[in-house]
file input-v1.txt (compact mmCIF, C-alpha atoms)
# COMPACT_ATOMS: atom_id res chain seq x y z
CA MET A 1 48.42 -39.83 -98.95
CA THR A 2 49.36 -41.93 -102.00
CA SER A 3 50.01 -40.42 -105.42
CA PRO A 4 47.58 -41.13 -108.27
CA ALA A 5 48.40 -44.15 -110.41
CA LEU A 6 51.05 -43.59 -113.06
CA ALA A 7 48.57 -43.96 -115.93
CA GLU A 8 46.52 -41.08 -114.54
CA ARG A 9 49.57 -38.80 -114.40
CA LEU A 10 50.86 -39.31 -117.95
CA ASP A 11 49.02 -36.49 -119.64
CA GLY A 12 51.18 -34.08 -121.58
CA LEU A 13 54.61 -33.86 -123.14
CA LEU A 14 57.03 -36.60 -122.09
CA PHE A 15 60.63 -35.56 -121.39
CA PHE A 16 63.52 -37.93 -122.09
CA PRO A 17 66.61 -36.23 -120.62
CA VAL A 18 70.10 -36.97 -121.86
CA THR A 19 72.57 -38.39 -119.36
CA ALA A 20 75.34 -35.91 -118.63
CA PHE A 21 79.01 -36.95 -118.69
CA GLY A 22 82.03 -34.93 -117.62
CA PRO A 23 85.27 -34.29 -119.54
CA ASP A 24 86.67 -37.55 -118.18
CA GLY A 25 83.68 -39.48 -119.47
CA GLY A 26 82.30 -40.12 -115.98
CA LEU A 27 78.80 -39.32 -114.83
CA ASP A 28 78.12 -35.62 -114.18
CA LEU A 29 75.21 -35.70 -111.77
CA ASP A 30 75.18 -31.94 -111.22
CA ALA A 31 74.63 -31.28 -114.93
CA PHE A 32 72.07 -34.09 -115.12
CA ARG A 33 70.18 -32.61 -112.18
CA ALA A 34 70.17 -29.18 -113.83
CA HIS A 35 68.89 -30.71 -117.08
CA VAL A 36 66.04 -32.55 -115.36
CA ARG A 37 65.15 -29.55 -113.22
CA ALA A 38 65.01 -27.27 -116.26
CA GLY A 39 62.76 -29.71 -118.12
CA VAL A 40 60.31 -30.05 -115.25
CA ASP A 41 60.27 -26.29 -114.75
CA ALA A 42 59.60 -25.82 -118.46
CA GLY A 43 56.45 -27.93 -118.31
CA ALA A 44 57.29 -31.59 -118.87
CA ALA A 45 54.49 -33.95 -117.87
CA ALA A 46 56.89 -36.78 -116.95
CA VAL A 47 60.60 -37.57 -116.84
CA PHE A 48 61.76 -40.76 -118.56
CA ALA A 49 65.24 -41.20 -117.13
CA CYS A 50 67.97 -43.46 -118.49
CA CYS A 51 66.02 -44.59 -121.54
CA GLY A 52 67.15 -44.50 -125.17
CA THR A 53 67.97 -40.79 -125.28
CA GLY A 54 69.60 -41.19 -121.88
CA GLU A 55 72.03 -43.82 -123.23
CA PHE A 56 70.72 -46.65 -121.06
CA HIS A 57 72.92 -49.06 -123.00
CA ALA A 58 76.07 -47.22 -121.88
CA LEU A 59 75.35 -46.94 -118.14
CA THR A 60 76.54 -49.19 -115.35
CA PRO A 61 73.88 -50.31 -112.86
CA GLU A 62 75.41 -47.94 -110.29
CA GLU A 63 75.22 -44.98 -112.69
CA PHE A 64 71.68 -45.94 -113.62
CA GLY A 65 70.60 -45.95 -110.00
CA ALA A 66 72.28 -42.63 -109.28
CA CYS A 67 70.59 -40.96 -112.27
CA VAL A 68 67.13 -42.30 -111.47
CA ALA A 69 67.47 -41.20 -107.84
CA ALA A 70 68.61 -37.74 -108.98
CA ALA A 71 65.66 -37.46 -111.39
CA VAL A 72 63.26 -38.41 -108.59
CA GLU A 73 64.78 -35.83 -106.26
CA GLU A 74 64.73 -33.05 -108.84
CA SER A 75 61.16 -33.86 -109.93
CA ALA A 76 60.14 -33.75 -106.25
CA GLY A 77 56.79 -35.37 -106.93
CA ARG A 78 55.70 -32.68 -109.37
CA VAL A 79 55.75 -35.16 -112.25
CA PRO A 80 56.28 -38.93 -112.37
CA VAL A 81 59.66 -40.47 -113.13
CA VAL A 82 59.83 -43.53 -115.39
CA ALA A 83 63.11 -45.43 -115.70
CA GLY A 84 64.40 -47.63 -118.49
CA ALA A 85 64.80 -51.38 -118.06
CA GLY A 86 66.22 -53.73 -120.64
CA TYR A 87 68.43 -56.62 -121.72
CA GLY A 88 67.31 -60.18 -120.83
CA THR A 89 64.73 -60.96 -118.18
CA ALA A 90 67.21 -61.38 -115.31
CA LEU A 91 68.98 -58.08 -115.96
CA ALA A 92 65.71 -56.27 -116.65
CA LEU A 93 64.50 -57.41 -113.23
CA GLN A 94 67.74 -56.16 -111.68
CA TYR A 95 67.28 -52.73 -113.24
CA ALA A 96 63.64 -52.76 -112.13
CA ARG A 97 64.76 -53.33 -108.53
CA ILE A 98 67.30 -50.52 -108.76
CA ALA A 99 64.67 -48.17 -110.21
CA ALA A 100 62.18 -49.02 -107.48
CA GLU A 101 64.79 -48.45 -104.76
CA ALA A 102 65.63 -45.08 -106.35
CA GLY A 103 61.98 -44.03 -106.11
CA ALA A 104 60.85 -44.32 -109.74
CA ASP A 105 57.12 -44.41 -110.49
CA GLY A 106 57.34 -46.81 -113.42
CA LEU A 107 59.43 -48.59 -116.03
CA LEU A 108 59.85 -48.28 -119.77
CA ALA A 109 60.62 -51.87 -120.73
CA MET A 110 62.93 -51.78 -123.72
CA PRO A 111 63.50 -54.66 -126.16
CA PRO A 112 65.54 -57.65 -125.03
CA TYR A 113 69.18 -57.59 -126.02
CA LEU A 114 70.00 -58.84 -129.52
CA VAL A 115 67.77 -61.94 -129.69
CA PHE A 116 64.77 -62.22 -132.00
CA ALA A 117 62.11 -64.04 -130.00
CA ASP A 118 58.70 -65.34 -131.01
CA GLN A 119 55.51 -63.86 -129.61
CA GLU A 120 55.26 -66.42 -126.82
CA GLY A 121 58.78 -65.63 -125.68
CA LEU A 122 58.19 -61.88 -125.75
CA VAL A 123 55.00 -62.23 -123.73
CA ARG A 124 56.81 -64.42 -121.20
CA HIS A 125 59.65 -61.90 -120.90
CA TYR A 126 57.50 -58.83 -120.30
CA SER A 127 55.06 -60.72 -118.08
CA ALA A 128 57.96 -61.94 -115.91
CA LEU A 129 59.35 -58.43 -115.66
CA ALA A 130 55.97 -57.05 -114.61
CA ALA A 131 55.46 -59.86 -112.10
CA GLY A 132 58.86 -59.15 -110.54
CA THR A 133 58.27 -55.47 -109.80
CA SER A 134 55.73 -53.34 -107.99
CA LEU A 135 56.22 -50.59 -110.58
CA ASP A 136 53.89 -49.97 -113.50
CA VAL A 137 55.37 -51.01 -116.83
CA ILE A 138 55.16 -49.52 -120.32
CA VAL A 139 56.29 -51.93 -123.04
CA TYR A 140 58.41 -50.43 -125.82
CA GLN A 141 57.67 -51.88 -129.25
CA ARG A 142 60.59 -51.52 -131.67
CA ASP A 143 63.45 -53.37 -133.38
CA ASN A 144 63.32 -57.00 -132.20
CA ALA A 145 60.17 -56.59 -130.08
CA ILE A 146 57.25 -56.21 -132.49
CA PHE A 147 53.92 -57.54 -131.26
CA THR A 148 50.83 -59.01 -132.84
CA PRO A 149 47.50 -57.60 -131.68
CA GLU A 150 46.85 -60.88 -129.87
CA ALA A 151 50.10 -60.58 -127.92
CA VAL A 152 49.26 -57.02 -126.85
CA VAL A 153 45.82 -58.16 -125.67
CA GLU A 154 47.60 -60.74 -123.52
CA LEU A 155 50.09 -58.20 -122.15
CA ALA A 156 47.33 -55.68 -121.43
CA GLN A 157 45.77 -58.19 -119.04
CA VAL A 158 48.90 -58.20 -116.85
CA PRO A 159 47.84 -55.96 -113.94
CA ASN A 160 50.80 -53.55 -113.93
CA ILE A 161 51.46 -53.36 -117.69
CA ILE A 162 49.71 -50.08 -118.42
CA GLY A 163 50.64 -49.23 -122.00
CA LEU A 164 52.53 -49.71 -125.24
CA LYS A 165 55.05 -47.26 -126.66
CA ASP A 166 55.37 -47.69 -130.42
CA GLY A 167 58.78 -47.09 -131.92
CA TYR A 168 58.07 -49.21 -134.99
CA GLY A 169 55.77 -46.90 -136.94
CA ASP A 170 53.40 -49.34 -138.67
CA LEU A 171 50.09 -47.48 -138.37
CA ASP A 172 48.14 -50.41 -139.79
CA LEU A 173 49.53 -52.64 -137.03
CA MET A 174 48.89 -50.01 -134.36
CA GLN A 175 45.28 -49.56 -135.46
CA ARG A 176 44.76 -53.32 -135.31
CA ILE A 177 46.35 -53.45 -131.85
CA ILE A 178 44.14 -50.66 -130.54
CA SER A 179 41.06 -52.25 -132.07
CA ALA A 180 41.90 -55.68 -130.66
CA VAL A 181 42.42 -54.40 -127.11
CA ARG A 182 39.25 -52.31 -127.33
CA THR A 183 37.26 -55.32 -128.59
CA GLU A 184 38.69 -58.05 -126.40
CA LEU A 185 39.00 -55.96 -123.24
CA PRO A 186 36.09 -53.49 -123.39
CA GLY A 187 36.52 -50.63 -120.96
CA HIS A 188 40.01 -51.74 -119.99
CA PRO A 189 42.35 -48.74 -119.57
CA PHE A 190 45.49 -49.05 -121.68
CA LEU A 191 47.78 -46.29 -122.89
CA TYR A 192 49.43 -45.89 -126.29
CA PHE A 193 52.44 -43.72 -127.06
CA ASN A 194 54.06 -42.54 -130.27
CA GLY A 195 57.68 -43.44 -129.59
CA LEU A 196 59.23 -42.86 -132.98
CA PRO A 197 62.41 -40.75 -133.19
CA THR A 198 61.30 -37.13 -133.64
CA ALA A 199 57.73 -38.23 -132.92
CA GLU A 200 56.30 -34.85 -133.86
CA LEU A 201 56.80 -35.62 -137.55
CA THR A 202 54.18 -38.37 -137.32
CA GLY A 203 52.01 -36.64 -134.72
CA LEU A 204 49.13 -35.96 -137.09
CA SER A 205 49.06 -39.58 -138.23
CA TYR A 206 49.05 -40.97 -134.71
CA ARG A 207 46.44 -38.45 -133.65
CA GLY A 208 44.28 -39.88 -136.44
CA ILE A 209 44.18 -43.26 -134.67
CA GLY A 210 43.67 -41.72 -131.26
CA VAL A 211 47.26 -41.70 -129.98
CA LEU A 212 48.13 -38.32 -128.47
CA LEU A 213 50.86 -39.23 -125.98
CA TYR A 214 54.38 -39.06 -127.37
CA SER A 215 58.00 -38.73 -126.37
CA SER A 216 59.69 -35.54 -127.52
CA ALA A 217 63.43 -35.60 -128.06
CA VAL A 218 63.23 -31.94 -129.11
CA PHE A 219 61.98 -31.01 -125.64
CA ALA A 220 65.41 -31.90 -124.26
CA PHE A 221 67.07 -29.02 -126.11
CA SER A 222 64.21 -26.73 -127.12
CA PRO A 223 61.17 -26.98 -124.87
CA GLU A 224 59.81 -23.81 -126.45
CA ILE A 225 59.46 -25.48 -129.86
CA ALA A 226 58.26 -28.80 -128.44
CA LEU A 227 55.59 -27.22 -126.25
CA ALA A 228 54.32 -24.98 -129.05
CA PHE A 229 53.97 -28.01 -131.30
CA HIS A 230 52.26 -30.07 -128.58
CA LYS A 231 49.75 -27.31 -127.88
CA ALA A 232 48.97 -26.93 -131.57
CA LEU A 233 48.61 -30.68 -132.10
CA THR A 234 46.31 -31.24 -129.13
CA THR A 235 44.12 -28.19 -129.78
CA GLY A 236 43.66 -28.80 -133.50
CA ASP A 237 45.77 -25.85 -134.65
CA ASP A 238 46.98 -27.70 -137.72
CA VAL A 239 48.21 -24.52 -139.40
CA THR A 240 50.87 -24.15 -136.70
CA VAL A 241 51.53 -27.89 -136.69
CA ASN A 242 52.28 -27.87 -140.41
CA LYS A 243 54.40 -24.73 -140.22
CA LEU A 244 56.59 -26.34 -137.58
CA ILE A 245 56.75 -29.62 -139.48
CA ASP A 246 57.72 -27.89 -142.72
CA GLY A 247 60.14 -25.40 -141.22
CA PHE A 248 61.68 -27.32 -138.34
CA TYR A 249 60.79 -30.97 -137.81
CA ARG A 250 61.19 -32.24 -141.38
CA PRO A 251 64.60 -30.54 -141.75
CA LEU A 252 65.55 -31.92 -138.33
CA VAL A 253 64.70 -35.47 -139.42
CA ASN A 254 66.65 -34.95 -142.64
CA LEU A 255 69.64 -33.92 -140.52
CA ARG A 256 69.10 -36.78 -138.07
CA ASN A 257 69.26 -39.22 -140.95
CA GLN A 258 72.73 -38.02 -141.95
CA GLY A 259 74.49 -40.10 -139.29
CA ARG A 260 74.07 -43.31 -137.36
CA GLY A 261 73.17 -42.69 -133.74
CA TYR A 262 72.13 -39.11 -134.43
CA ALA A 263 68.75 -39.75 -132.77
CA VAL A 264 70.75 -39.50 -129.54
CA ALA A 265 73.92 -37.63 -130.49
CA LEU A 266 72.10 -34.71 -132.13
CA VAL A 267 69.87 -34.30 -129.08
CA LYS A 268 72.89 -34.13 -126.81
CA ALA A 269 74.56 -31.63 -129.15
CA GLY A 270 71.37 -29.57 -129.03
CA VAL A 271 71.43 -29.48 -125.23
CA ARG A 272 75.03 -28.21 -125.35
CA LEU A 273 74.11 -25.61 -127.96
CA ARG A 274 71.45 -24.26 -125.61
CA GLY A 275 74.03 -23.68 -122.88
CA LEU A 276 74.21 -26.76 -120.68
CA GLU A 277 77.42 -28.77 -120.86
CA VAL A 278 76.32 -32.39 -120.75
CA GLY A 279 79.37 -33.91 -122.40
CA GLU A 280 79.63 -36.17 -125.40
CA VAL A 281 77.91 -39.46 -126.14
CA ARG A 282 79.64 -42.60 -125.00
CA PRO A 283 80.92 -45.25 -127.43
CA PRO A 284 79.77 -46.91 -129.55
CA LEU A 285 77.91 -43.70 -130.48
CA SER A 286 79.82 -40.84 -132.11
CA GLU A 287 79.46 -37.08 -132.04
CA PRO A 288 77.85 -35.20 -134.95
CA SER A 289 80.25 -33.61 -137.39
CA PRO A 290 81.01 -29.88 -136.96
CA THR A 291 79.03 -29.19 -140.13
CA HIS A 292 75.98 -31.00 -138.83
CA THR A 293 76.27 -29.31 -135.44
CA LYS A 294 76.30 -25.92 -137.17
CA GLU A 295 73.23 -26.92 -139.18
CA LEU A 296 71.49 -27.94 -135.96
CA ALA A 297 72.27 -24.58 -134.36
CA GLU A 298 70.80 -22.75 -137.34
CA LEU A 299 67.76 -24.99 -137.34
CA ILE A 300 67.09 -24.38 -133.64
CA GLU A 301 67.22 -20.62 -134.22
CA HIS A 302 64.82 -20.95 -137.14
CA GLY A 303 62.46 -23.10 -135.08
CA LEU A 304 62.44 -20.53 -132.29
CA SER A 305 61.63 -17.80 -134.79
CA LEU A 306 58.71 -19.86 -136.12
CA VAL A 307 57.36 -20.22 -132.59
CA ALA A 308 57.72 -16.49 -131.99
CA ASP A 309 55.90 -15.73 -135.24
CA ALA A 310 53.09 -18.13 -134.35
CA GLY A 311 52.72 -16.45 -130.96
CA GLU A 312 52.31 -13.05 -132.58
CA ASN A 313 49.57 -14.22 -134.97
call {"tool": "encode", "arguments": {"input": "input-v1.txt", "output": "structure tokens"}}
result
Amino acid sequence: MTSPALAERLDGLLFFPVTAFGPDGGLDLDAFRAHVRAGVDAGAAAVFACCGTGEFHALTPEEFGACVAAAVEESAGRVPVVAGAGYGTALALQYARIAAEAGADGLLAMPPYLVFADQEGLVRHYSALAAGTSLDVIVYQRDNAIFTPEAVVELAQVPNIIGLKDGYGDLDLMQRIISAVRTELPGHPFLYFNGLPTAELTGLSYRGIGVLLYSSAVFAFSPEIALAFHKALTTGDDVTVNKLIDGFYRPLVNLRNQGRGYAVALVKAGVRLRGLEVGEVRPPLSEPSPTHTKELAELIEHGLSLVADAGEN
């Protein structure tokens, strides 16, 4: 019996695990497995392995394959596993093959490496990637891969490109993209994701244009806070949403903005603070300062107290 299509299974909070490294800097698959297992047990709707939070840029193809296979094994079919794929077309296809062999259910296609391409080139790149894999593909819009509505309409017609993850944050552009796909491809199923760092901060805005799916970096180190926010956002409990934004997410973003690479390094520090030793980030990223790590620990405790208070009311 075949599993439902990936698009039908992506309904809930999306978990982007960190990739665990040992004291020697090598891959720590046991810690990674424990991290993935804990996230799935906590209620993640999907595991996005070896993506931005998982330091895709720092992994060898062999490490990538081992992590994706471990995520698939630990998820055990309970939730889908989506793997990162990036760089130029040839390497993206190589990573797609590795992900498929490891048992992944889909790909998050990250921006091409370094180059700034025109719309025709971007469409050719992602179309070639999709044509070269049997996996469903989610295109990640950010940095050097920003699309016009017309380009997204073209990509949405590729059979196994199922959605667009937005890490750019231009709501005007996103509304025009959604409107264009809806108008030009009536009835065509296509998913949209809020993929901004600390996506919860913009959750209300994206909800306003009909985008409810989002990636939660906070889930990696505090599923209690992330799940409470997700429940409040999707049920219309805006009082709780705003309390968590004011008391936790806005201060977290302020802290994240204190250092380059903190969108990943702070998450990894948070996982360690919650008791799982996943090692440090690999170069060229750097660890948060001791002061910032202490602030993160205090902020996590405050966020947990806000969730407990909301549960009592």
call {"tool": "residues_near_point", "arguments": {"input": "input-v1.txt", "point": "(62.5, -54.1, -124.4)", "cutoff": "12 Å", "atoms": "only C-alpha atoms", "output": "count of residues only"}}
result
45
call {"tool": "closest_residue", "arguments": {"input": "input-v1.txt", "among": "A:Arg9, A:Arg182, A:Arg97, A:His230", "to": "Leu204 (chain A)", "atoms": "all atoms listed in the file"}}
result
A:His230
call {"tool": "closest_residue", "arguments": {"input": "input-v1.txt", "among": "A:Gly54, A:Gly163, A:Gly65, A:Gly22", "to": "Ala7 (chain A)", "atoms": "all atoms listed in the file"}}
result
A:Gly163
call {"tool": "closest_residue", "arguments": {"input": "input-v1.txt", "among": "A:Tyr262, A:Gly169, A:His302, A:Gly210", "to": "Tyr249 (chain A)", "atoms": "all atoms listed in the file"}}
result
A:His302
call {"tool": "atom_distance", "arguments": {"input": "input-v1.txt", "atom1": "CA of Gly103 (chain A)", "atom2": "CA of Gly132 (chain A)"}}
result
16.1 Å
call {"tool": "atom_distance", "arguments": {"input": "input-v1.txt", "atom1": "CA of Leu171 (chain A)", "atom2": "CA of Ser205 (chain A)"}}
result
8.0 Å
call {"tool": "atom_distance", "arguments": {"input": "input-v1.txt", "atom1": "CA of Phe48 (chain A)", "atom2": "CA of Leu255 (chain A)"}}
result
24.3 Å
call {"tool": "closest_residue", "arguments": {"input": "input-v1.txt", "among": "A:Pro251, A:Leu13, A:Ala310, A:Ala104", "to": "Val239 (chain A)", "atoms": "all atoms listed in the file"}}
result
A:Ala310
call {"tool": "closest_residue", "arguments": {"input": "input-v1.txt", "among": "A:Leu10, A:Glu73, A:Thr202, A:Leu227", "to": "Asp136 (chain A)", "atoms": "all atoms listed in the file"}}
result
A:Leu10
call {"tool": "closest_residue", "arguments": {"input": "input-v1.txt", "among": "A:Arg124, A:Arg250, A:Lys268, A:Arg207", "to": "Pro17 (chain A)", "atoms": "all atoms listed in the file"}}
result
A:Lys268
call {"tool": "residues_around", "arguments": {"input": "input-v1.txt", "residues": "Glu298 (chain A)", "least_positions_apart": "2", "cutoff": "12 Å", "atoms": "all atoms listed in the file", "output": "NGL selection string"}}
result
:A and (247-248 or 251-252 or 255 or 270 or 273-274 or 291-296 or 300-305)
call {"tool": "residues_around", "arguments": {"input": "input-v1.txt", "residues": "region 157-159 of chain A", "least_positions_apart": "4", "cutoff": "9 Å", "atoms": "all atoms listed in the file", "output": "PDB file with C-alpha atoms, keeping the file's coordinate frame"}}
result
ATOM      1  CA  SER A 127      55.060 -60.720-118.080  1.00  0.00           C
ATOM      2  CA  ALA A 130      55.970 -57.050-114.610  1.00  0.00           C
ATOM      3  CA  ALA A 131      55.460 -59.860-112.100  1.00  0.00           C
ATOM      4  CA  ASP A 136      53.890 -49.970-113.500  1.00  0.00           C
ATOM      5  CA  VAL A 152      49.260 -57.020-126.850  1.00  0.00           C
ATOM      6  CA  VAL A 153      45.820 -58.160-125.670  1.00  0.00           C
ATOM      7  CA  LEU A 185      39.000 -55.960-123.240  1.00  0.00           C
ATOM      8  CA  HIS A 188      40.010 -51.740-119.990  1.00  0.00           C
TER       9      HIS A 188
END
call {"tool": "residues_around", "arguments": {"input": "input-v1.txt", "residues": "Ala58 (chain A)", "least_positions_apart": "3", "cutoff": "10 Å", "atoms": "only C-alpha atoms", "output": "PyMOL selection string"}}
result
chain A and resi 19+50+52+54-55+61+63-64+281-285
call {"tool": "residues_near_point", "arguments": {"input": "input-v1.txt", "point": "(69.3, -36.4, -132.9)", "cutoff": "10 Å", "atoms": "all atoms listed in the file", "output": "PyMOL selection string"}}
result
chain A and resi 53+197-198+217-218+252-253+255-270+288+296
